[in-house]
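Take a look at the structure set out below.
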Amino acid sequence: MTWDAYYELDDIYAWIDDLVATYPTVASTIEGGTSHEGRTIKGIKISHGSGKKIIFIESGIHAREWITPAVTNYIINELLSSTDEETQAAARDFDWYIFPVTNPDGYIWTHTEFRLWRKNRRPFGDEVGVDLNRNWNNNWLGVGSSNVTSSNTYAGPGPFSEAETRTLSEYISSLADDIELYLSMHSSGQLLLLPFGNTTEPLANYYDAMKIGRRAMGALSVRYGTPYTTGNIAEAIYLATGTSIDWVKEALKIPLVYCYELRDRGTYGHLLPADQILPSGEETMDSILEMIHQARRLDYMNSGSGLHASLLTIAFVFVNYVMF
Ligand code: 0X9
Ligand code: ZN
C-alpha cells in the first residue's frame with residue numbers, strides 16, 4: 001500500500017490480510033457482511049485488549065468516492081504503525097472496527113466498467129443498482145430519495161432490501177452497546193455532517209455534536225488550511241433519508257455519529273488526483289484525534305477503559321462515604 005495511487009478491491013483486501021499477518025496480536029480481519037454478488041465486506045479490527053469502547057468506520061458505500069477507502073486505509077495504517085504518541089493512545093484506548101469498502105461490487109465496477117458508478121450492482125429489469133445510502137431503515141423513501149430504479153438515489157424496493165445494508169446493519173447492531181463513535185466516509189464537499197437528514201431541527205445531542213465537530217474541523221484545517229463546514233445533513237448539504245448515520249443514531253442510539261464529505265469542493269470532485277490522498281489522510285487523522293479529545297472534554301467516550309472508569313467510581317463513592 002502506498003499513498004500516491006488508488007487501489008483495487010483485491011489489493012485492499014490482500015493488504016488487510018498482510019497487516020493482520022504483520023500485527024497478529026492487535027489486528028484481525030472482520031466480516032461486516034456480504035454484497036449482492038456474494039463478496040465479503042472485509043474489514044479490520046484493531047484492539048489492544050478486550051473491553052474497550054468501539055470506534056466504527058464505514059467507508060466506500062458510494063462506489064465512485066475513491067478518496068474514502070484511500071483515506072480510511074491511511075487511518076488504519078496510522079493506528080497500526082504511527083510513532084506519534086496521541087495516535088498510539090487512540091489506537092490503544094479503543095477497539096477500532098474499520099471497513100474501507102462497504103460496496104465492493106460497485107467499487108469493482110468503477111475500476112472495470114464505469115468510473116462514476118455510485119450504487120450497488122443489483123439488477124432491476126433493465127436498470128441496475130440501489131443507492132446504499134438511501135436504503136437504511138430510517139425515514140426510508142422520504143425526501144431526497146427516489147423510487148425510480150434508474151435514479152442515482154434509488155432507495156430500493158424496501159428498507160434494508162439490499163444484501164450490503166441488511167448484513168452490515170446486523171453486524172453493527174451486534175456491537176451497538178459498545179460503539180461510542182460512528183464515522184461514515186463520503187466525498188466530496190469538505191463537510192462534516194451530523195444527523196438528521198430529514199429535518200434541520202437540532203435533534204438529539206445536536207449541540208454537543210456540533211461543538212465537538214467544529215473543533216475537530218478546526219484541527220483538520222491546521223495542517224493544510226483545508227476548510228470544512230459542520231452541520232446536520234439537511235442544513236449543510238440537502239435533505240436525504242435512509243442514510244446510514246440517521247439509522248445508526250436513531251435505531252442504535254450511538255452517542256456520536258458523523259458523516260465526512262472529504263475533499264474537494266468541486267475542482268475535481270470524485271476524480272480527486274491521487275496526490276491528494278496523503279494530505280487528505282493526514283488532515284482527516286488530525287481531525288479524528290481532536291474529535292476524540294473534544295468528545296472526552298464533554299464527557300463522551302470516557303469509558304474507553306472500563307477498569308479506569310470503575311476504579312474512579314469506587315474512589316468517588318469511598319470519598320463520599322468518608323467525608324459525608
Ligand atoms: O447523498 C448522500 O448520500 C451523501 N452525499 S454524497 O455526495 N457522498 O452522495 C450525503 C448524505 C449524508 N448522510 C450520510 N452519509 N449518512
Ligand atoms: Zn457518498
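Labels for the C-alpha cells follow display order: chains A, B, ..., residues from 1 in each chain, ligands from 1.
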Can I get the residues of chain A within 10 Å of ligand 2, each with the closest pair of atoms and their distance in Å to one decimal, using only C-alpha atoms and all ligand atoms, sorted chain first then ascending number, as a Markdown table?
```
| residue | atom | partner | partner_atom_place_in_ligand_line | distance |
| --- | --- | --- | --- | --- |
| A:Ser59 | CA | ligand 2 | 1 (Zn) | 9.1 |
| A:Gly60 | CA | ligand 2 | 1 (Zn) | 7.7 |
| A:Ile61 | CA | ligand 2 | 1 (Zn) | 6.8 |
| A:His62 | CA | ligand 2 | 1 (Zn) | 4.8 |
| A:Ala63 | CA | ligand 2 | 1 (Zn) | 8.1 |
| A:Arg64 | CA | ligand 2 | 1 (Zn) | 8.2 |
| A:Glu65 | CA | ligand 2 | 1 (Zn) | 6.4 |
| A:Trp66 | CA | ligand 2 | 1 (Zn) | 10.0 |
| A:Thr68 | CA | ligand 2 | 1 (Zn) | 9.0 |
| A:Arg118 | CA | ligand 2 | 1 (Zn) | 7.8 |
| A:Lys119 | CA | ligand 2 | 1 (Zn) | 9.6 |
| A:Asp131 | CA | ligand 2 | 1 (Zn) | 9.3 |
| A:Leu132 | CA | ligand 2 | 1 (Zn) | 9.3 |
| A:Asn133 | CA | ligand 2 | 1 (Zn) | 7.4 |
| A:Ser184 | CA | ligand 2 | 1 (Zn) | 9.0 |
| A:Met185 | CA | ligand 2 | 1 (Zn) | 7.4 |
| A:His186 | CA | ligand 2 | 1 (Zn) | 4.2 |
| A:Ser187 | CA | ligand 2 | 1 (Zn) | 5.5 |
| A:Ser188 | CA | ligand 2 | 1 (Zn) | 7.4 |
| A:Thr243 | CA | ligand 2 | 1 (Zn) | 9.9 |
| A:Cys259 | CA | ligand 2 | 1 (Zn) | 9.2 |
| A:Tyr260 | CA | ligand 2 | 1 (Zn) | 9.1 |
| A:Glu261 | CA | ligand 2 | 1 (Zn) | 7.4 |
| A:Leu262 | CA | ligand 2 | 1 (Zn) | 9.5 |
| A:His270 | CA | ligand 2 | 1 (Zn) | 9.6 |
```
Would you pick out the contacts of region 3-14 of chain A at 12 Å or less, using only C-alpha atoms, so that residues sharing its chain but fewer than 2 positions from it are not included, and give the list as a PyMOL selection string?
chain A and resi 1+16-21+29-31+39-44+60+63-77+99-112+271-282
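With only C-alpha atoms and all ligand atoms as the basis for measurement, A:Leu194 is the residue among A:Arg265, A:Leu194, A:Met285, A:Met217 that approaches ligand 1 most closely.
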If you measure from CA of Ser221 (chain A) to CA of Tyr258 (chain A), what distance in Å do you get, rounded to one decimal?
17.4 Å
Leaving out Asn198 (chain A) and any residue of its chain fewer than 5 positions from it, which residues lie within 7 Å of it when counting only C-alpha atoms, given as a PDB file with N, CA, C and O atoms, in the first residue's frame?
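That gives us out_29.pdb:
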```pdb
ATOM      1  N   VAL A 143     -37.907  12.334   1.861  1.00  0.00           N
ATOM      2  CA  VAL A 143     -37.332  13.340   0.962  1.00  0.00           C
ATOM      3  C   VAL A 143     -35.897  13.009   0.569  1.00  0.00           C
ATOM      4  O   VAL A 143     -35.145  12.424   1.347  1.00  0.00           O
ATOM      5  N   ALA A 234     -29.272  17.980   6.644  1.00  0.00           N
ATOM      6  CA  ALA A 234     -30.249  18.814   5.938  1.00  0.00           C
ATOM      7  C   ALA A 234     -29.784  20.259   5.804  1.00  0.00           C
ATOM      8  O   ALA A 234     -30.000  20.894   4.772  1.00  0.00           O
ATOM      9  N   LEU A 239     -31.603  17.651   1.861  1.00  0.00           N
ATOM     10  CA  LEU A 239     -32.394  16.636   2.557  1.00  0.00           C
ATOM     11  C   LEU A 239     -32.055  15.263   1.990  1.00  0.00           C
ATOM     12  O   LEU A 239     -31.917  15.092   0.786  1.00  0.00           O
ATOM     13  N   ALA A 240     -31.889  14.311   2.868  1.00  0.00           N
ATOM     14  CA  ALA A 240     -31.619  12.933   2.446  1.00  0.00           C
ATOM     15  C   ALA A 240     -32.143  12.012   3.534  1.00  0.00           C
ATOM     16  O   ALA A 240     -32.028  12.320   4.723  1.00  0.00           O
ATOM     17  N   THR A 241     -32.735  10.896   3.135  1.00  0.00           N
ATOM     18  CA  THR A 241     -33.304   9.975   4.125  1.00  0.00           C
ATOM     19  C   THR A 241     -32.822   8.548   3.832  1.00  0.00           C
ATOM     20  O   THR A 241     -32.346   8.258   2.735  1.00  0.00           O
TER      21      THR A 241
END
```
From a DSSP pass on the backbone, collect the residues of region 67-178 of chain A flagged as strand (DSSP E or B) and hand them back as an NGL selection string.
:A and (95-99 or 123-124 or 127-128 or 146 or 154)
Within 10 Å of Thr25 (chain A), counting only C-alpha atoms, which residues qualify if same-chain residues fewer than 3 places away don't, as a list of chain:residue names?
A:Val20, A:Ala21, A:Thr22, A:Ser28, A:Ile46, A:Ser47, A:His48, A:Gly49
DSSP alpha helix (DSSP H) residues within region 82-324 of chain A, as a ChimeraX atom specification:
/A:85-93,104-112,163-175,206-224,233-236,244-252,277-297,306-323
Between A:Tyr171, A:Tyr23, A:Trp117, A:Tyr207, which is the closest to ligand 1 once you count only C-alpha atoms and all ligand atoms?
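Looking at the shortest contact to ligand 1, the residue is A:Trp117.
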For Ala236 (chain A): contacts at 10 Å, only C-alpha atoms, fewer than 2 positions along chain excluded, given as a PyMOL selection string
chain A and resi 189+191-194+197+200+229-234+238-239
